[in-house]
$ cat entry.cif   # mmCIF, C-alpha atoms
data_entry
loop_
_atom_site.label_atom_id
_atom_site.label_comp_id
_atom_site.auth_asym_id
_atom_site.auth_seq_id
_atom_site.Cartn_x
_atom_site.Cartn_y
_atom_site.Cartn_z
CA MET A 81 0.00 0.00 0.00
CA GLY A 82 2.63 2.49 1.03
CA GLN A 83 4.75 1.65 -2.00
CA ALA A 84 1.89 1.60 -4.53
CA HIS A 85 2.35 3.62 -7.72
CA HIS A 86 -0.74 5.44 -8.94
CA HIS A 87 -1.24 6.07 -12.63
CA HIS A 88 -3.37 9.11 -13.35
CA VAL A 89 -5.41 9.51 -16.52
CA ASP A 90 -7.29 12.73 -17.33
CA PRO A 91 -10.95 11.93 -16.47
CA GLU A 92 -12.41 13.48 -19.62
CA ALA A 93 -9.87 11.78 -21.89
CA GLY A 94 -10.61 8.51 -20.09
CA ASP A 95 -14.34 8.96 -20.66
CA ARG A 96 -13.80 9.44 -24.38
CA ARG A 97 -11.74 6.25 -24.53
CA VAL A 98 -14.44 4.26 -22.74
CA ILE A 99 -17.18 5.61 -25.06
CA ALA A 100 -15.10 4.72 -28.12
CA ALA A 101 -14.48 1.23 -26.73
CA VAL A 102 -18.22 0.71 -26.13
CA ALA A 103 -19.08 1.77 -29.69
CA VAL A 104 -16.63 -0.57 -31.41
CA ASN A 105 -17.60 -3.51 -29.18
CA LEU A 106 -21.30 -3.14 -29.90
CA GLY A 107 -20.63 -3.03 -33.64
CA LEU A 108 -18.41 -6.07 -33.39
CA THR A 109 -21.01 -8.01 -31.40
CA VAL A 110 -23.54 -7.64 -34.20
CA ALA A 111 -21.00 -8.78 -36.79
CA GLN A 112 -20.00 -11.81 -34.73
CA VAL A 113 -23.58 -12.93 -34.08
CA VAL A 114 -24.38 -12.71 -37.80
CA GLY A 115 -21.17 -14.56 -38.66
CA GLY A 116 -21.82 -17.21 -36.01
CA VAL A 117 -25.35 -17.87 -37.24
CA LEU A 118 -24.28 -18.03 -40.90
CA SER A 119 -21.31 -20.29 -40.20
CA GLY A 120 -22.94 -22.44 -37.51
CA SER A 121 -19.99 -21.82 -35.17
CA LEU A 122 -20.74 -22.03 -31.46
CA ALA A 123 -17.25 -20.71 -30.69
CA LEU A 124 -17.92 -17.58 -32.74
CA ILE A 125 -21.27 -17.01 -31.03
CA ALA A 126 -19.55 -17.60 -27.68
CA ASP A 127 -16.99 -14.98 -28.61
CA ALA A 128 -19.84 -12.64 -29.62
CA LEU A 129 -21.59 -13.16 -26.29
CA HIS A 130 -18.41 -12.44 -24.43
CA ASN A 131 -17.80 -9.41 -26.61
CA PHE A 132 -21.29 -8.11 -25.80
CA SER A 133 -20.44 -8.49 -22.13
CA ASP A 134 -17.34 -6.37 -22.87
CA ALA A 135 -19.57 -3.58 -24.11
CA ILE A 136 -21.89 -3.86 -21.11
CA SER A 137 -18.93 -3.97 -18.72
CA LEU A 138 -17.59 -0.79 -20.28
CA VAL A 139 -20.99 0.92 -19.95
CA ILE A 140 -21.05 -0.06 -16.26
CA ALA A 141 -17.46 1.11 -15.83
CA PHE A 142 -18.25 4.43 -17.51
CA GLY A 143 -21.25 5.06 -15.26
CA ALA A 144 -19.26 4.10 -12.15
CA ARG A 145 -16.43 6.50 -13.10
CA LYS A 146 -18.94 9.34 -13.37
CA ILE A 147 -20.57 8.57 -10.01
CA ALA A 148 -17.21 8.06 -8.26
CA ARG A 149 -16.23 11.69 -8.96
CA ARG A 150 -19.03 13.07 -6.83
CA PRO A 151 -17.82 14.80 -3.66
CA SER A 152 -18.68 13.38 -0.27
CA ASP A 153 -21.96 14.46 1.30
CA GLY A 154 -24.19 13.71 4.26
CA ALA A 155 -25.34 10.42 2.76
CA MET A 156 -21.89 9.24 1.66
CA THR A 157 -19.38 10.80 4.03
CA TYR A 158 -16.46 8.89 2.51
CA GLY A 159 -17.52 9.89 -1.00
CA TYR A 160 -18.73 7.72 -3.87
CA GLY A 161 -15.44 6.11 -4.87
CA ARG A 162 -16.49 2.63 -3.79
CA VAL A 163 -19.14 2.52 -6.54
CA GLU A 164 -16.31 1.48 -8.85
CA VAL A 165 -15.75 -1.56 -6.64
CA VAL A 166 -19.45 -2.43 -6.89
CA ALA A 167 -19.24 -2.07 -10.69
CA ALA A 168 -16.25 -4.41 -10.73
CA LEU A 169 -18.20 -6.98 -8.70
CA VAL A 170 -21.06 -6.82 -11.23
CA ASN A 171 -18.66 -7.27 -14.13
CA TYR A 172 -16.76 -10.19 -12.59
CA THR A 173 -20.00 -11.90 -11.59
CA THR A 174 -21.24 -11.50 -15.17
CA LEU A 175 -18.02 -13.06 -16.46
CA ILE A 176 -18.50 -16.07 -14.19
CA VAL A 177 -22.10 -16.57 -15.39
CA ILE A 178 -20.99 -16.28 -19.03
CA GLY A 179 -18.13 -18.73 -18.48
CA LEU A 180 -20.46 -21.33 -16.96
CA TYR A 181 -23.03 -20.85 -19.73
CA LEU A 182 -20.43 -21.32 -22.46
CA ALA A 183 -19.15 -24.49 -20.77
CA TYR A 184 -22.70 -25.88 -20.78
CA GLU A 185 -23.26 -25.02 -24.45
CA ALA A 186 -19.92 -26.58 -25.42
CA ALA A 187 -20.85 -29.81 -23.60
CA MET A 188 -24.13 -29.94 -25.51
CA ARG A 189 -22.30 -29.39 -28.82
CA PHE A 190 -19.95 -32.29 -28.04
CA LEU A 191 -23.01 -34.52 -27.80
CA ASP A 192 -24.51 -33.17 -31.02
CA PRO A 193 -21.80 -31.77 -33.37
CA GLU A 194 -22.96 -29.46 -36.16
CA PRO A 195 -21.29 -28.45 -39.45
CA VAL A 196 -19.28 -25.24 -39.31
CA ALA A 197 -18.30 -22.89 -42.18
CA GLY A 198 -14.66 -22.37 -41.27
CA TRP A 199 -13.87 -19.52 -43.67
CA ILE A 200 -16.60 -17.28 -42.19
CA VAL A 201 -15.30 -18.08 -38.71
CA VAL A 202 -11.74 -17.09 -39.60
CA ILE A 203 -12.73 -13.81 -41.28
CA VAL A 204 -15.10 -12.61 -38.56
CA ALA A 205 -12.80 -13.72 -35.74
CA GLY A 206 -9.91 -11.89 -37.43
CA VAL A 207 -11.92 -8.66 -37.44
CA ALA A 208 -12.94 -9.31 -33.83
CA LEU A 209 -9.31 -9.74 -32.78
CA ALA A 210 -8.40 -6.36 -34.30
CA VAL A 211 -11.26 -4.66 -32.47
CA ASP A 212 -10.42 -6.41 -29.21
CA LEU A 213 -6.84 -5.17 -29.42
CA VAL A 214 -8.00 -1.60 -30.13
CA THR A 215 -10.39 -1.71 -27.15
CA ALA A 216 -7.72 -3.13 -24.86
CA ALA A 217 -5.36 -0.34 -25.94
CA LEU A 218 -8.01 2.27 -25.11
CA THR A 219 -8.44 1.02 -21.54
CA TRP A 220 -4.99 -0.37 -20.69
CA SER A 221 -3.50 2.72 -19.03
CA MET A 222 -6.65 3.35 -16.99
CA SER A 223 -6.78 -0.27 -15.81
CA LYS A 224 -3.59 0.20 -13.76
CA ALA A 225 -5.29 2.55 -11.29
CA SER A 226 -8.89 1.32 -11.18
CA VAL A 227 -10.29 -2.08 -10.21
CA ASN A 228 -13.42 -1.03 -12.07
CA ILE A 229 -11.66 -0.36 -15.40
CA ARG A 230 -9.40 -3.37 -14.83
CA ALA A 231 -12.47 -5.61 -14.77
CA ALA A 232 -13.60 -4.18 -18.12
CA PHE A 233 -10.04 -4.45 -19.50
CA LEU A 234 -9.83 -8.13 -18.55
CA HIS A 235 -13.10 -8.68 -20.39
CA ASN A 236 -11.32 -7.48 -23.53
CA VAL A 237 -8.11 -9.40 -22.96
CA ALA A 238 -10.12 -12.60 -22.52
CA ASP A 239 -12.08 -11.80 -25.66
CA ALA A 240 -8.92 -11.16 -27.67
CA LEU A 241 -7.55 -14.55 -26.65
CA GLY A 242 -10.93 -16.05 -27.46
CA SER A 243 -10.74 -14.55 -30.95
CA VAL A 244 -7.31 -16.13 -31.45
CA ALA A 245 -8.72 -19.49 -30.38
CA VAL A 246 -11.68 -19.12 -32.74
CA ILE A 247 -9.34 -18.30 -35.64
CA VAL A 248 -7.36 -21.45 -34.91
CA SER A 249 -10.62 -23.39 -34.68
CA GLY A 250 -11.82 -22.10 -38.06
CA ALA A 251 -8.49 -22.91 -39.69
CA LEU A 252 -8.52 -26.48 -38.39
CA ILE A 253 -12.10 -26.94 -39.62
CA LEU A 254 -11.07 -25.68 -43.07
CA LEU A 255 -7.98 -27.85 -43.24
CA PHE A 256 -9.08 -31.07 -41.53
CA ASP A 257 -12.88 -30.77 -41.00
CA TRP A 258 -12.40 -31.18 -37.25
CA ARG A 259 -15.90 -30.21 -36.13
CA LEU A 260 -15.30 -31.08 -32.50
CA ILE A 261 -12.60 -28.40 -32.33
CA ASP A 262 -15.39 -25.78 -32.18
CA PRO A 263 -16.87 -26.87 -28.82
CA PHE A 264 -13.36 -27.67 -27.58
CA VAL A 265 -12.26 -24.07 -28.24
CA THR A 266 -15.47 -22.86 -26.60
CA LEU A 267 -14.48 -24.79 -23.48
CA LEU A 268 -11.05 -23.17 -23.55
CA ILE A 269 -12.63 -19.71 -23.79
CA SER A 270 -14.97 -20.61 -20.93
CA GLY A 271 -12.12 -21.87 -18.76
CA TYR A 272 -10.04 -18.76 -19.32
CA ILE A 273 -12.98 -16.46 -18.53
CA LEU A 274 -13.66 -18.31 -15.27
CA TRP A 275 -10.00 -18.34 -14.28
CA GLN A 276 -9.60 -14.60 -14.82
CA ALA A 277 -12.83 -13.67 -13.04
CA LEU A 278 -12.27 -15.90 -10.03
CA ARG A 279 -8.68 -14.68 -9.68
CA GLU A 280 -9.68 -10.99 -9.64
CA ILE A 281 -12.97 -11.06 -7.75
CA GLY A 282 -11.26 -11.83 -4.43
CA LEU A 283 -9.94 -8.28 -3.93
CA VAL A 284 -13.32 -6.79 -4.86
CA ILE A 285 -15.11 -8.95 -2.27
CA ARG A 286 -12.42 -8.15 0.30
CA ILE A 287 -13.00 -4.39 -0.15
CA LEU A 288 -16.78 -4.71 0.09
CA MET A 289 -16.45 -6.93 3.18
CA LEU A 290 -14.27 -4.26 4.86
CA GLY A 291 -11.28 -6.58 4.86
CA SER A 292 -7.75 -5.42 5.54
CA PRO A 293 -5.33 -4.81 2.63
CA PRO A 294 -4.01 -8.19 1.42
CA ASP A 295 -0.42 -6.96 1.37
CA ILE A 296 -0.37 -5.60 4.96
CA GLU A 297 -0.71 -7.67 8.13
CA THR A 298 -2.95 -6.06 10.73
CA GLY A 299 -0.59 -7.32 13.43
CA ALA A 300 2.29 -5.39 11.87
CA VAL A 301 0.24 -2.20 11.93
CA ILE A 302 -0.65 -2.63 15.61
CA ASP A 303 2.98 -3.40 16.45
CA ALA A 304 4.07 -0.23 14.66
CA ILE A 305 1.65 1.81 16.79
CA ARG A 306 2.93 0.22 20.01
CA GLN A 307 6.52 1.04 19.10
CA VAL A 308 5.83 4.78 18.90
CA ASP A 309 7.39 6.75 21.75
CA GLY A 310 4.77 7.50 24.40
CA VAL A 311 2.42 4.63 23.49
CA ALA A 312 1.74 2.04 26.19
CA GLY A 313 -0.60 -0.11 24.13
CA ALA A 314 -3.19 -0.32 21.35
CA HIS A 315 -6.46 -2.25 21.06
CA HIS A 316 -9.96 -2.13 19.56
CA ALA A 317 -8.27 -1.88 16.16
CA HIS A 318 -10.28 -2.02 12.94
CA PHE A 319 -8.27 -1.97 9.71
CA TRP A 320 -10.02 -1.98 6.33
CA LEU A 321 -9.87 -0.90 2.69
CA LEU A 322 -11.87 2.16 1.68
CA ASP A 323 -11.13 1.31 -1.95
CA GLU A 324 -8.28 -0.38 -3.79
CA HIS A 325 -5.87 2.50 -3.07
CA ARG A 326 -6.84 3.77 0.39
CA ALA A 327 -6.79 2.00 3.73
CA ALA A 328 -8.38 3.22 6.97
CA LEU A 329 -7.73 2.43 10.62
CA ASP A 330 -9.71 3.00 13.84
CA ALA A 331 -7.96 2.15 17.11
CA HIS A 332 -7.73 2.92 20.81
CA VAL A 333 -4.23 4.06 21.76
CA VAL A 334 -3.08 4.01 25.40
CA VAL A 335 -0.79 6.88 26.39
CA GLU A 336 1.96 6.05 28.88
CA ALA A 337 1.39 7.13 32.45
CA GLY A 338 2.58 10.65 33.18
CA ARG A 339 2.68 11.68 29.49
CA TRP A 340 -0.90 12.80 28.94
CA SER A 341 0.33 16.35 28.34
CA GLU A 342 2.02 14.99 25.19
CA ALA A 343 -1.13 13.29 23.91
CA ASP A 344 -1.50 15.42 20.79
CA ALA A 345 2.16 14.97 19.86
CA ILE A 346 1.93 11.21 20.43
CA LYS A 347 -1.15 11.02 18.22
CA ALA A 348 0.66 12.96 15.49
CA ARG A 349 3.64 10.57 15.69
CA VAL A 350 1.35 7.54 15.39
CA LYS A 351 -0.40 8.96 12.33
CA ALA A 352 2.92 9.89 10.71
CA ARG A 353 4.29 6.37 11.33
CA LEU A 354 1.21 4.74 9.80
CA SER A 355 1.24 7.04 6.77
CA GLU A 356 4.96 6.68 6.05
CA ARG A 357 5.27 2.95 6.64
CA PHE A 358 1.95 1.63 5.41
CA GLY A 359 0.37 4.42 3.37
CA ILE A 360 -2.72 4.51 5.61
CA SER A 361 -4.56 7.68 4.61
CA GLN A 362 -7.52 7.64 7.02
CA THR A 363 -6.74 7.22 10.72
CA THR A 364 -9.10 7.73 13.67
CA LEU A 365 -7.45 7.30 17.07
CA GLU A 366 -9.12 7.37 20.49
CA LEU A 367 -6.53 8.16 23.15
CA GLU A 368 -6.76 6.61 26.60
CA CYS A 369 -4.80 7.50 29.72
CA ALA A 370 -2.90 4.49 31.02
CA ARG A 371 -4.69 4.83 34.37
CA HIS A 372 -8.14 4.79 32.77
CA ALA A 373 -7.61 2.48 29.80
CA CYS A 374 -10.23 -0.10 28.82
CA PRO A 375 -10.22 -2.71 31.63
CA ALA A 376 -10.72 -5.63 29.23
CA PRO A 377 -9.68 -4.48 25.75
CA THR A 378 -10.78 -6.62 22.83
CA GLY A 379 -9.36 -7.00 19.35
CA ALA A 380 -5.75 -6.57 18.36
#
$ encode --input "entry.cif" --output "structure tokens"
Amino acid sequence: MGQAHHHHVDPEAGDRRVIAAVAVNLGLTVAQVVGGVLSGSLALIADALHNFSDAISLVIAFGARKIARRPSDGAMTYGYGRVEVVAALVNYTTLIVIGLYLAYEAAMRFLDPEPVAGWIVVIVAGVALAVDLVTAALTWSMSKASVNIRAAFLHNVADALGSVAVIVSGALILLFDWRLIDPFVTLLISGYILWQALREIGLVIRILMLGSPPDIETGAVIDAIRQVDGVAGAHHAHFWLLDEHRAALDAHVVVEAGRWSEADAIKARVKARLSERFGISQTTLELECARHACPAPTGA
């Protein structure tokens, strides 16, 4: 957390990129569905379905970016930044549903193979790959600093790899008439989608569940507080993620006996230590005199 590098993208420029990405993905979806129906390729239709989810994920990401810029108010005192985390959860959940659906359809196609027009598959998937790469380029820089945009970006990366797989599938059908390669490739696309979504959704759930940052041990934070000059102890600690970049801490800090006159200075030293060492941006500390500290403190 403290060593994280933030990549900043001009909000308006980022909005234009997202709108452009949505437009090209919607156009591509139509082309892929038509091509999939004409060719009889389940893999191409699977790629189209995933591509449509790309467009929807980008629409959700765009809306979340807009809402996240609102200033804090009486209803949302921490601001609206966490809406991007909610958007990411929606997008990852959608990916998981799509991945499971494609696996089911592929299994059904294994049981009942259908003829596939390989040349249509190769042409349409080639166009899809080009569009996927353009869309990924539009969102790549923004994905570094936003779990919301990263979810949409991973949609496109998965779709680009899916397009490559579909191209290979079409070529093998043309060359060897391997009809079963179509559902097999669909299974590969499904597996990759599920792997990516399940790998990334953990952090999103952790943030929404008010979990601590995965790269910082709560015990290390409490120990750092206790090592500050003038601190006799720390307890009732609650350490959580506000969003993917900001952590917050609430804790009771016990001031050593005879040093209550230094309470403000001790509090300042604790906050400075937490900010410098761990990058904790939001800290709320309740100071207790050693003589009147909580008789049975709970927590860390």
$ atom_distance --input "entry.cif" --atom1 "atom CA of Gly242 of chain A" --atom2 "atom CA of Arg96 of chain A"
25.8 Å
$ atom_distance --input "entry.cif" --atom1 "atom CA of Leu365 of chain A" --atom2 "atom CA of Ser226 of chain A"
28.9 Å
$ residues_around --input "entry.cif" --residues "Val207 of chain A" --least-positions-apart "4" --cutoff "9 Å" --atoms "all atoms listed in the file" --output "list of chain:residue names"
A:Leu108, A:Val202, A:Ile203, A:Val211, A:Asp212, A:Ser243
$ residues_around --input "entry.cif" --residues "Thr173 of chain A" --least-positions-apart "2" --cutoff "12 Å" --atoms "all atoms listed in the file" --output "list in words"
Ser133, Ser137, Val166, Ala167, Ala168, Leu169, Val170, Asn171, Leu175, Ile176, Val177, Ile178, Gly179, Leu180, Ala231, Ala232, His235, Ile273, Leu274, Gln276, Ala277, Leu278, Arg279, Glu280, Ile281, Gly282, Val284 and Ile285 of chain A
$ atom_distance --input "entry.cif" --atom1 "atom CA of Pro294 of chain A" --atom2 "atom CA of His318 of chain A"
14.5 Å
$ residues_near_point --input "entry.cif" --point "(-21.1, -23.8, -40.3)" --cutoff "10 Å" --atoms "all atoms listed in the file" --output "PyMOL selection string"
chain A and resi 115-122+194-201+250+253+259
$ residues_around --input "entry.cif" --residues "segment 157-163 of chain A" --least-positions-apart "3" --cutoff "6 Å" --atoms "all atoms listed in the file" --output "list of chain:residue names"
A:Ala144, A:Ala148, A:Pro151, A:Ser152, A:Asp153, A:Gly154, A:Val166, A:Asp323
$ residues_around --input "entry.cif" --residues "Ile261 of chain A" --least-positions-apart "6" --cutoff "10 Å" --atoms "all atoms listed in the file" --output "ChimeraX atom specification"
/A:123,190,193,245-246,248-250,252-253,267
$ resolve_selection --input "entry.cif" --expression "the PyMOL selection byres ((chain A and resi 298) around 12)" --output "PyMOL selection string"
chain A and resi 291-297+299-305+315-321+327-331+354+358+360+379-380
$ decode --input "entry.cif" --residues "segment 250-287 of chain A" --atoms "N, CA and C atoms" --output "CSV table (one decimal), in the first residue's frame"
chain,number,residue,atom,x,y,z
A,250,GLY,N,-11.4,-22.2,-36.7
A,250,GLY,CA,-11.8,-22.1,-38.1
A,250,GLY,C,-10.8,-22.7,-39.0
A,251,ALA,N,-9.5,-22.4,-38.8
A,251,ALA,CA,-8.5,-22.9,-39.7
A,251,ALA,C,-8.4,-24.4,-39.7
A,252,LEU,N,-8.6,-25.0,-38.5
A,252,LEU,CA,-8.5,-26.5,-38.4
A,252,LEU,C,-9.8,-27.1,-39.0
A,253,ILE,N,-10.9,-26.4,-38.9
A,253,ILE,CA,-12.1,-26.9,-39.6
A,253,ILE,C,-11.9,-26.9,-41.1
A,254,LEU,N,-11.3,-25.8,-41.6
A,254,LEU,CA,-11.1,-25.7,-43.1
A,254,LEU,C,-10.1,-26.7,-43.6
A,255,LEU,N,-9.0,-27.0,-42.8
A,255,LEU,CA,-8.0,-27.9,-43.2
A,255,LEU,C,-8.3,-29.3,-43.0
A,256,PHE,N,-8.9,-29.7,-41.9
A,256,PHE,CA,-9.1,-31.1,-41.5
A,256,PHE,C,-10.5,-31.5,-41.2
A,257,ASP,N,-11.5,-30.5,-41.3
A,257,ASP,CA,-12.9,-30.8,-41.0
A,257,ASP,C,-13.0,-31.3,-39.6
A,258,TRP,N,-12.3,-30.8,-38.6
A,258,TRP,CA,-12.4,-31.2,-37.2
A,258,TRP,C,-13.5,-30.4,-36.6
A,259,ARG,N,-14.7,-30.9,-36.7
A,259,ARG,CA,-15.9,-30.2,-36.1
A,259,ARG,C,-15.9,-30.1,-34.6
A,260,LEU,N,-15.3,-31.1,-34.0
A,260,LEU,CA,-15.3,-31.1,-32.5
A,260,LEU,C,-14.3,-30.0,-31.9
A,261,ILE,N,-13.5,-29.5,-32.8
A,261,ILE,CA,-12.6,-28.4,-32.3
A,261,ILE,C,-13.4,-27.2,-31.9
A,262,ASP,N,-14.6,-27.0,-32.5
A,262,ASP,CA,-15.4,-25.8,-32.2
A,262,ASP,C,-15.9,-25.8,-30.7
A,263,PRO,N,-16.5,-26.9,-30.2
A,263,PRO,CA,-16.9,-26.9,-28.8
A,263,PRO,C,-15.7,-27.0,-27.9
A,264,PHE,N,-14.6,-27.6,-28.4
A,264,PHE,CA,-13.4,-27.7,-27.6
A,264,PHE,C,-12.8,-26.3,-27.3
A,265,VAL,N,-12.7,-25.5,-28.4
A,265,VAL,CA,-12.3,-24.1,-28.2
A,265,VAL,C,-13.2,-23.3,-27.3
A,266,THR,N,-14.5,-23.5,-27.5
A,266,THR,CA,-15.5,-22.9,-26.6
A,266,THR,C,-15.2,-23.2,-25.1
A,267,LEU,N,-14.8,-24.4,-24.9
A,267,LEU,CA,-14.5,-24.8,-23.5
A,267,LEU,C,-13.2,-24.1,-23.0
A,268,LEU,N,-12.3,-23.9,-23.9
A,268,LEU,CA,-11.0,-23.2,-23.6
A,268,LEU,C,-11.4,-21.7,-23.2
A,269,ILE,N,-12.2,-21.1,-24.0
A,269,ILE,CA,-12.6,-19.7,-23.8
A,269,ILE,C,-13.3,-19.6,-22.4
A,270,SER,N,-14.2,-20.6,-22.2
A,270,SER,CA,-15.0,-20.6,-20.9
A,270,SER,C,-14.0,-20.7,-19.7
A,271,GLY,N,-13.1,-21.7,-19.9
A,271,GLY,CA,-12.1,-21.9,-18.8
A,271,GLY,C,-11.3,-20.6,-18.5
A,272,TYR,N,-10.9,-20.0,-19.5
A,272,TYR,CA,-10.0,-18.8,-19.3
A,272,TYR,C,-10.9,-17.6,-18.7
A,273,ILE,N,-12.1,-17.5,-19.1
A,273,ILE,CA,-13.0,-16.5,-18.5
A,273,ILE,C,-13.2,-16.7,-17.0
A,274,LEU,N,-13.4,-18.0,-16.7
A,274,LEU,CA,-13.7,-18.3,-15.3
A,274,LEU,C,-12.4,-18.1,-14.4
A,275,TRP,N,-11.3,-18.5,-15.0
A,275,TRP,CA,-10.0,-18.3,-14.3
A,275,TRP,C,-9.7,-16.9,-14.0
A,276,GLN,N,-9.9,-16.0,-15.0
A,276,GLN,CA,-9.6,-14.6,-14.8
A,276,GLN,C,-10.5,-14.0,-13.8
A,277,ALA,N,-11.8,-14.3,-13.9
A,277,ALA,CA,-12.8,-13.7,-13.0
A,277,ALA,C,-12.6,-14.1,-11.6
A,278,LEU,N,-12.4,-15.4,-11.4
A,278,LEU,CA,-12.3,-15.9,-10.0
A,278,LEU,C,-11.0,-15.4,-9.4
A,279,ARG,N,-10.0,-15.2,-10.2
A,279,ARG,CA,-8.7,-14.7,-9.7
A,279,ARG,C,-8.8,-13.2,-9.2
A,280,GLU,N,-9.6,-12.4,-9.9
A,280,GLU,CA,-9.7,-11.0,-9.6
A,280,GLU,C,-10.8,-10.6,-8.7
A,281,ILE,N,-11.8,-11.4,-8.5
A,281,ILE,CA,-13.0,-11.1,-7.7
A,281,ILE,C,-12.7,-11.1,-6.3
A,282,GLY,N,-11.6,-11.8,-5.8
A,282,GLY,CA,-11.3,-11.8,-4.4
A,282,GLY,C,-11.0,-10.5,-3.8
A,283,LEU,N,-10.2,-9.6,-4.5
A,283,LEU,CA,-9.9,-8.3,-3.9
A,283,LEU,C,-11.2,-7.4,-3.8
A,284,VAL,N,-12.1,-7.6,-4.9
A,284,VAL,CA,-13.3,-6.8,-4.9
A,284,VAL,C,-14.2,-7.2,-3.7
A,285,ILE,N,-14.3,-8.5,-3.4
A,285,ILE,CA,-15.1,-8.9,-2.3
A,285,ILE,C,-14.5,-8.5,-1.0
A,286,ARG,N,-13.1,-8.6,-0.9
A,286,ARG,CA,-12.4,-8.1,0.3
A,286,ARG,C,-12.7,-6.7,0.6
A,287,ILE,N,-12.7,-5.8,-0.4
A,287,ILE,CA,-13.0,-4.4,-0.1
A,287,ILE,C,-14.4,-4.2,0.4
